[in-house]
Structures are given as structure tokens and as C-alpha cells.
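One structure is given below, encoded as C-alpha cells.
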Amino acid sequence: MKIVVKIGTSTLAHPSGHLNIRRVEALCKILSDMKNAGHAVILVSSGAIGMGVGKLGLRRRPSDIPTKQAAAAVGQCELMYTYDKLFDQYNHTVGQLLITGDDVANETRHQNFCNTLNRLLELGAIPIINENDTVATDEIVIGDNDTLAAIVAQSVGADMLVLLSDIDGLYTADPHTDPTATLIPRCEKLDESIFALAGASASDQGTGGMVTKLRAAKICMDCGCDMIIANGSRPENLYDILDGKSVGTTFAGGKL
């Protein structure tokens, strides 16, 4: 099975912006185990800007593009160093791909991206993908890693995309403010009533929210790929998903 896993900033890092070491160690161990079991694994990782904010000692996430790009440049180094060290403990090699909107919109560049990604998988490496926040501007930005992860899943013909987030899945209302909100375990189609349930991002470290996750779900479902939103605070959810257990919200693309 070809699986894309996306981890968000709020899952990857503490509110301070510094790495949540215990969680990332658990994630890398489980992804390594999944690969040992014969699955092709691709990781889409947020966190470069958030980790750069922490590393640079900035008081808050910057709003101007040059400081965001500077934070991303610092944070991406720490992020990949950490992944390389942790995956190496389980004898797995990682490869970094940083892309912009041009790499998706331009047919030739998109094909080059797909060729590199597929070759990394053939060579037994674990591709780790992020948007190139160090050079991206409004004109060439993808905008969020939920969309990026869906584009990656679409590009490689993935069977499943798992978005590890700070929420258990899609609810009937905002669970942060409505105690009567209930989890929707499965969604067979996306319509206006589903999109109406989406709210803004609850994290000031990340850029995503339920809206971007539903947009990602549409990309996946349209190409026959299943997508699951699960809580990233428990990386072991990935085992349950592979075992066919109901975890979070599944957006049925036809393979589960």
C-alpha cells in the first residue's frame, strides 16, 4: 500500500515552537515499522517556520514574508536533521523535497517532481516533503500542507492520505466551543452541508484548518484515494488505521 502521512505544525511542535521530541520519535518509529511491513511511505511535514520561530527566539510567528522565509530556512535545517537522525536508527534513508506552486502548476516541473518522488520510493528511501517556504511568495505558494499532501497523494497514485492533526476528525460542530458536537466517522461525499461544518484554524502556529482539510479530501476523493483525519497526539492511530479500525473521519475515495 502506498501511504502519504501529513503531520501538522501543532502536532509536531509544542506551543513554544520547539520540537515535541517524544511525539516525533514515536511517529518516526511507527512510520519505519510501516515501511518494514512493506508499505511505501511518504511524509509531508509542516513545522519549518514554527521550529525556526522557536530556534530564533522570536516571540510569535512572523507576519511578514522575509521573516517567515528566514524562520523557515533555520527551521527546515533542524527539522531534517531530526528526521534523518531518527529514521537512521531504524536503518531507513530519508530524502528531502521542497516544492512551490510552480512545481505543481507547470507540467514539466510537475513531471520532474513526480519522477524524483517515484524514484526515491523505488530506491527504498522515505521522501519528506514540505513547501519551499524559504522562496515561496504569494504568486507561487501552495498555501498549506493539507493541500500539498493531497497533491502528493494524487501525483503518486497513493491508496491513502492520513492527515495527523490536533483534532480527532470532522465534527457536527466546533468541538472547542460546542459540547454537543459529535464526530463524523465516515464521509461518502462532499457537499455544501459538509463544507459548512468547517471552521478556521485553532492553532496560531500553523496555517491549516478544517477548510483546507476538506479541500484536500476533495482532491483525494476525486482521484480515488481515501483520506483520513486523525489526532496526531497519538501516532499509534496509524496502526489502527492499517488494521481497518475506525479512527477519526474517513473520506471515502473508493479504496477503504
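Convention: chains lettered A, B, ... in C-alpha cells order; per-chain residue numbering from 1; ligands numbered from 1 as shown.
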Per DSSP on the backbone, filter segment 74-217 of chain A down to the residues in strand (DSSP E or B) and report them as a PDB file with N, CA and C atoms, in the first residue's frame.
ATOM      1  N   VAL A  94      16.236   8.954   4.375  1.00  0.00           N
ATOM      2  CA  VAL A  94      15.236   9.957   4.013  1.00  0.00           C
ATOM      3  C   VAL A  94      15.770  10.843   2.890  1.00  0.00           C
ATOM      4  N   GLY A  95      14.843  11.401   2.121  1.00  0.00           N
ATOM      5  CA  GLY A  95      15.184  12.349   1.074  1.00  0.00           C
ATOM      6  C   GLY A  95      14.257  13.548   1.164  1.00  0.00           C
ATOM      7  N   GLN A  96      14.812  14.733   1.034  1.00  0.00           N
ATOM      8  CA  GLN A  96      14.022  15.963   1.190  1.00  0.00           C
ATOM      9  C   GLN A  96      13.614  16.513  -0.167  1.00  0.00           C
ATOM     10  N   LEU A  97      12.330  16.860  -0.291  1.00  0.00           N
ATOM     11  CA  LEU A  97      11.826  17.561  -1.464  1.00  0.00           C
ATOM     12  C   LEU A  97      11.101  18.819  -1.003  1.00  0.00           C
ATOM     13  N   LEU A  98      11.560  19.965  -1.470  1.00  0.00           N
ATOM     14  CA  LEU A  98      10.917  21.244  -1.171  1.00  0.00           C
ATOM     15  C   LEU A  98      10.337  21.780  -2.472  1.00  0.00           C
ATOM     16  N   ILE A  99       9.041  22.019  -2.494  1.00  0.00           N
ATOM     17  CA  ILE A  99       8.410  22.428  -3.745  1.00  0.00           C
ATOM     18  C   ILE A  99       7.597  23.706  -3.555  1.00  0.00           C
ATOM     19  N   ILE A 126      12.574   7.177   2.195  1.00  0.00           N
ATOM     20  CA  ILE A 126      11.334   7.799   2.659  1.00  0.00           C
ATOM     21  C   ILE A 126      11.377   9.271   2.259  1.00  0.00           C
ATOM     22  N   PRO A 127      10.575   9.685   1.269  1.00  0.00           N
ATOM     23  CA  PRO A 127      10.560  11.099   0.888  1.00  0.00           C
ATOM     24  C   PRO A 127       9.894  11.934   1.987  1.00  0.00           C
ATOM     25  N   ILE A 128      10.512  13.053   2.311  1.00  0.00           N
ATOM     26  CA  ILE A 128       9.933  14.007   3.255  1.00  0.00           C
ATOM     27  C   ILE A 128       9.743  15.315   2.509  1.00  0.00           C
ATOM     28  N   ILE A 129       8.499  15.753   2.424  1.00  0.00           N
ATOM     29  CA  ILE A 129       8.128  16.852   1.543  1.00  0.00           C
ATOM     30  C   ILE A 129       7.573  18.017   2.343  1.00  0.00           C
ATOM     31  N   ASN A 130       7.950  19.210   1.942  1.00  0.00           N
ATOM     32  CA  ASN A 130       7.402  20.434   2.526  1.00  0.00           C
ATOM     33  C   ASN A 130       7.342  21.481   1.419  1.00  0.00           C
ATOM     34  N   GLU A 131       6.522  22.475   1.632  1.00  0.00           N
ATOM     35  CA  GLU A 131       6.542  23.601   0.703  1.00  0.00           C
ATOM     36  C   GLU A 131       7.822  24.388   0.926  1.00  0.00           C
ATOM     37  N   MET A 160      -3.852   5.935   0.183  1.00  0.00           N
ATOM     38  CA  MET A 160      -4.387   6.570   1.382  1.00  0.00           C
ATOM     39  C   MET A 160      -3.565   7.795   1.761  1.00  0.00           C
ATOM     40  N   LEU A 161      -4.266   8.837   2.186  1.00  0.00           N
ATOM     41  CA  LEU A 161      -3.639  10.003   2.796  1.00  0.00           C
ATOM     42  C   LEU A 161      -4.163  10.119   4.221  1.00  0.00           C
ATOM     43  N   VAL A 162      -3.241  10.220   5.180  1.00  0.00           N
ATOM     44  CA  VAL A 162      -3.623  10.409   6.578  1.00  0.00           C
ATOM     45  C   VAL A 162      -3.133  11.781   7.021  1.00  0.00           C
ATOM     46  N   LEU A 163      -4.064  12.630   7.434  1.00  0.00           N
ATOM     47  CA  LEU A 163      -3.716  13.936   7.979  1.00  0.00           C
ATOM     48  C   LEU A 163      -3.707  13.835   9.495  1.00  0.00           C
ATOM     49  N   LEU A 164      -2.534  13.924  10.092  1.00  0.00           N
ATOM     50  CA  LEU A 164      -2.419  13.917  11.548  1.00  0.00           C
ATOM     51  C   LEU A 164      -2.532  15.353  12.037  1.00  0.00           C
ATOM     52  N   SER A 165      -3.581  15.618  12.799  1.00  0.00           N
ATOM     53  CA  SER A 165      -3.925  16.980  13.173  1.00  0.00           C
ATOM     54  C   SER A 165      -4.070  17.097  14.684  1.00  0.00           C
ATOM     55  N   TYR A 171     -16.306  17.157  12.889  1.00  0.00           N
ATOM     56  CA  TYR A 171     -17.411  17.123  13.845  1.00  0.00           C
ATOM     57  C   TYR A 171     -18.654  17.805  13.275  1.00  0.00           C
ATOM     58  N   LEU A 183     -18.423  13.408  16.569  1.00  0.00           N
ATOM     59  CA  LEU A 183     -17.512  13.065  15.482  1.00  0.00           C
ATOM     60  C   LEU A 183     -18.264  12.374  14.358  1.00  0.00           C
ATOM     61  N   ARG A 186     -17.396   8.759   9.072  1.00  0.00           N
ATOM     62  CA  ARG A 186     -17.200   8.460   7.651  1.00  0.00           C
ATOM     63  C   ARG A 186     -17.987   9.441   6.789  1.00  0.00           C
ATOM     64  N   CYS A 187     -17.363   9.880   5.712  1.00  0.00           N
ATOM     65  CA  CYS A 187     -17.998  10.802   4.775  1.00  0.00           C
ATOM     66  C   CYS A 187     -17.880  10.202   3.374  1.00  0.00           C
TER      67      CYS A 187
END
Do a neighbour search on Leu214 of chain A at 10 Å with only C-alpha atoms, toss out local chain neighbours closer than 3 positions, and write the hits as a list in words.
-> Asp146, Thr147, Leu170, Leu190, Ile194, Phe195, Leu197, Ala198, Gly209, Met210, Val211, Ala217, Lys218, Ile219, Cys220, Met227, Ile229 and Phe251 of chain A
Please write the residues from the selection above to a file, keeping N, CA and C atoms, as a PDB file, in the first residue's frame.
ATOM      1  N   ASP A 146      -1.967  20.654   3.922  1.00  0.00           N
ATOM      2  CA  ASP A 146      -3.067  19.729   3.671  1.00  0.00           C
ATOM      3  C   ASP A 146      -3.258  19.588   2.162  1.00  0.00           C
ATOM      4  N   THR A 147      -3.307  20.730   1.477  1.00  0.00           N
ATOM      5  CA  THR A 147      -3.430  20.713   0.018  1.00  0.00           C
ATOM      6  C   THR A 147      -2.214  20.067  -0.615  1.00  0.00           C
ATOM      7  N   LEU A 170     -13.637  15.290  11.669  1.00  0.00           N
ATOM      8  CA  LEU A 170     -14.682  16.254  11.347  1.00  0.00           C
ATOM      9  C   LEU A 170     -15.857  16.067  12.295  1.00  0.00           C
ATOM     10  N   LEU A 190     -18.765  14.900  -0.524  1.00  0.00           N
ATOM     11  CA  LEU A 190     -18.591  16.260  -0.028  1.00  0.00           C
ATOM     12  C   LEU A 190     -19.610  17.173  -0.706  1.00  0.00           C
ATOM     13  N   ILE A 194     -21.379  19.686   4.246  1.00  0.00           N
ATOM     14  CA  ILE A 194     -20.124  19.264   4.876  1.00  0.00           C
ATOM     15  C   ILE A 194     -19.169  20.449   4.979  1.00  0.00           C
ATOM     16  N   PHE A 195     -19.036  21.201   3.902  1.00  0.00           N
ATOM     17  CA  PHE A 195     -18.136  22.361   3.929  1.00  0.00           C
ATOM     18  C   PHE A 195     -18.607  23.410   4.939  1.00  0.00           C
ATOM     19  N   LEU A 197     -19.553  22.858   7.831  1.00  0.00           N
ATOM     20  CA  LEU A 197     -19.104  22.466   9.163  1.00  0.00           C
ATOM     21  C   LEU A 197     -17.690  22.937   9.463  1.00  0.00           C
ATOM     22  N   ALA A 198     -16.957  23.357   8.436  1.00  0.00           N
ATOM     23  CA  ALA A 198     -15.551  23.725   8.616  1.00  0.00           C
ATOM     24  C   ALA A 198     -15.427  25.080   9.290  1.00  0.00           C
ATOM     25  N   GLY A 209      -6.566  24.357   8.669  1.00  0.00           N
ATOM     26  CA  GLY A 209      -7.823  24.353   9.392  1.00  0.00           C
ATOM     27  C   GLY A 209      -8.698  23.317   8.724  1.00  0.00           C
ATOM     28  N   MET A 210      -9.944  23.185   9.177  1.00  0.00           N
ATOM     29  CA  MET A 210     -10.807  22.170   8.588  1.00  0.00           C
ATOM     30  C   MET A 210     -11.133  22.476   7.131  1.00  0.00           C
ATOM     31  N   VAL A 211     -11.181  23.749   6.760  1.00  0.00           N
ATOM     32  CA  VAL A 211     -11.463  24.101   5.368  1.00  0.00           C
ATOM     33  C   VAL A 211     -10.408  23.491   4.440  1.00  0.00           C
ATOM     34  N   ALA A 217      -9.504  16.631   0.993  1.00  0.00           N
ATOM     35  CA  ALA A 217     -10.355  15.449   0.851  1.00  0.00           C
ATOM     36  C   ALA A 217     -10.980  15.402  -0.540  1.00  0.00           C
ATOM     37  N   LYS A 218     -11.382  16.548  -1.054  1.00  0.00           N
ATOM     38  CA  LYS A 218     -11.985  16.580  -2.392  1.00  0.00           C
ATOM     39  C   LYS A 218     -10.979  16.145  -3.454  1.00  0.00           C
ATOM     40  N   ILE A 219      -9.730  16.643  -3.346  1.00  0.00           N
ATOM     41  CA  ILE A 219      -8.695  16.246  -4.300  1.00  0.00           C
ATOM     42  C   ILE A 219      -8.507  14.736  -4.259  1.00  0.00           C
ATOM     43  N   CYS A 220      -8.442  14.191  -3.043  1.00  0.00           N
ATOM     44  CA  CYS A 220      -8.224  12.750  -2.879  1.00  0.00           C
ATOM     45  C   CYS A 220      -9.398  11.934  -3.399  1.00  0.00           C
ATOM     46  N   MET A 227      -8.937   9.382   2.285  1.00  0.00           N
ATOM     47  CA  MET A 227      -8.266  10.317   3.180  1.00  0.00           C
ATOM     48  C   MET A 227      -8.842  10.190   4.580  1.00  0.00           C
ATOM     49  N   ILE A 229      -8.667  11.921   8.561  1.00  0.00           N
ATOM     50  CA  ILE A 229      -8.212  12.905   9.540  1.00  0.00           C
ATOM     51  C   ILE A 229      -8.157  12.199  10.885  1.00  0.00           C
ATOM     52  N   PHE A 251     -12.702   9.869   4.657  1.00  0.00           N
ATOM     53  CA  PHE A 251     -13.341  10.394   3.448  1.00  0.00           C
ATOM     54  C   PHE A 251     -13.122   9.351   2.355  1.00  0.00           C
TER      55      PHE A 251
END
Quick one: residues within 7 Å of segment 34-42 of chain A, only C-alpha atoms counted, chain neighbours fewer than 2 positions away excluded, as a list in words?
->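 Selected residues are Met1, Lys2, Ile3, Val4, Val5, Ile30, Leu31, Ser32, Val44, Leu121, Ile126, Pro127 and Ile128 of chain A.
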Output the selection as a PDB file, in the first residue's frame - C-alpha atoms for each residue.
ATOM      1  CA  MET A   1       0.000   0.000   0.000  1.00  0.00           C
ATOM      2  CA  LYS A   2       1.232   3.493  -0.854  1.00  0.00           C
ATOM      3  CA  ILE A   3       0.527   5.845   2.060  1.00  0.00           C
ATOM      4  CA  VAL A   4       1.053   9.591   2.431  1.00  0.00           C
ATOM      5  CA  VAL A   5       1.151  10.871   6.008  1.00  0.00           C
ATOM      6  CA  ILE A  30       5.829   3.809  13.580  1.00  0.00           C
ATOM      7  CA  LEU A  31       6.465   5.025  10.021  1.00  0.00           C
ATOM      8  CA  SER A  32       9.629   2.914   9.964  1.00  0.00           C
ATOM      9  CA  VAL A  44       4.579  15.571   4.264  1.00  0.00           C
ATOM     10  CA  LEU A 121      10.398   5.200  -3.424  1.00  0.00           C
ATOM     11  CA  ILE A 126      11.334   7.799   2.659  1.00  0.00           C
ATOM     12  CA  PRO A 127      10.560  11.099   0.888  1.00  0.00           C
ATOM     13  CA  ILE A 128       9.933  14.007   3.255  1.00  0.00           C
TER      14      ILE A 128
END
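Here the question is which of A:Ala150, A:Thr250, A:Ile7, A:Gly157 gets nearest to Glu188 of chain A using only C-alpha atoms, and that residue is A:Thr250.
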Of the residues A:Ala173, A:Cys114, A:Pro179, A:Thr212, which is the one nearest to Ala196 of chain A, using only C-alpha atoms?
-> A:Ala173
Mind checking which residues fall within 9 Å of Lys29 of chain A, counting only C-alpha atoms, ignoring those fewer than 5 positions away in the same chain, and posting them as a PyMOL selection string?
-> chain A and resi 24+34+86-87+89-90
Atom CA of Gly169 of chain A to atom CA of Asn231 of chain A measures 7.2 Å
Would you mind listing what lies within 8 Å of Val74 of chain A as a count of residues only, with only C-alpha atoms counted and same-chain residues fewer than 6 positions away left out?
-> 6
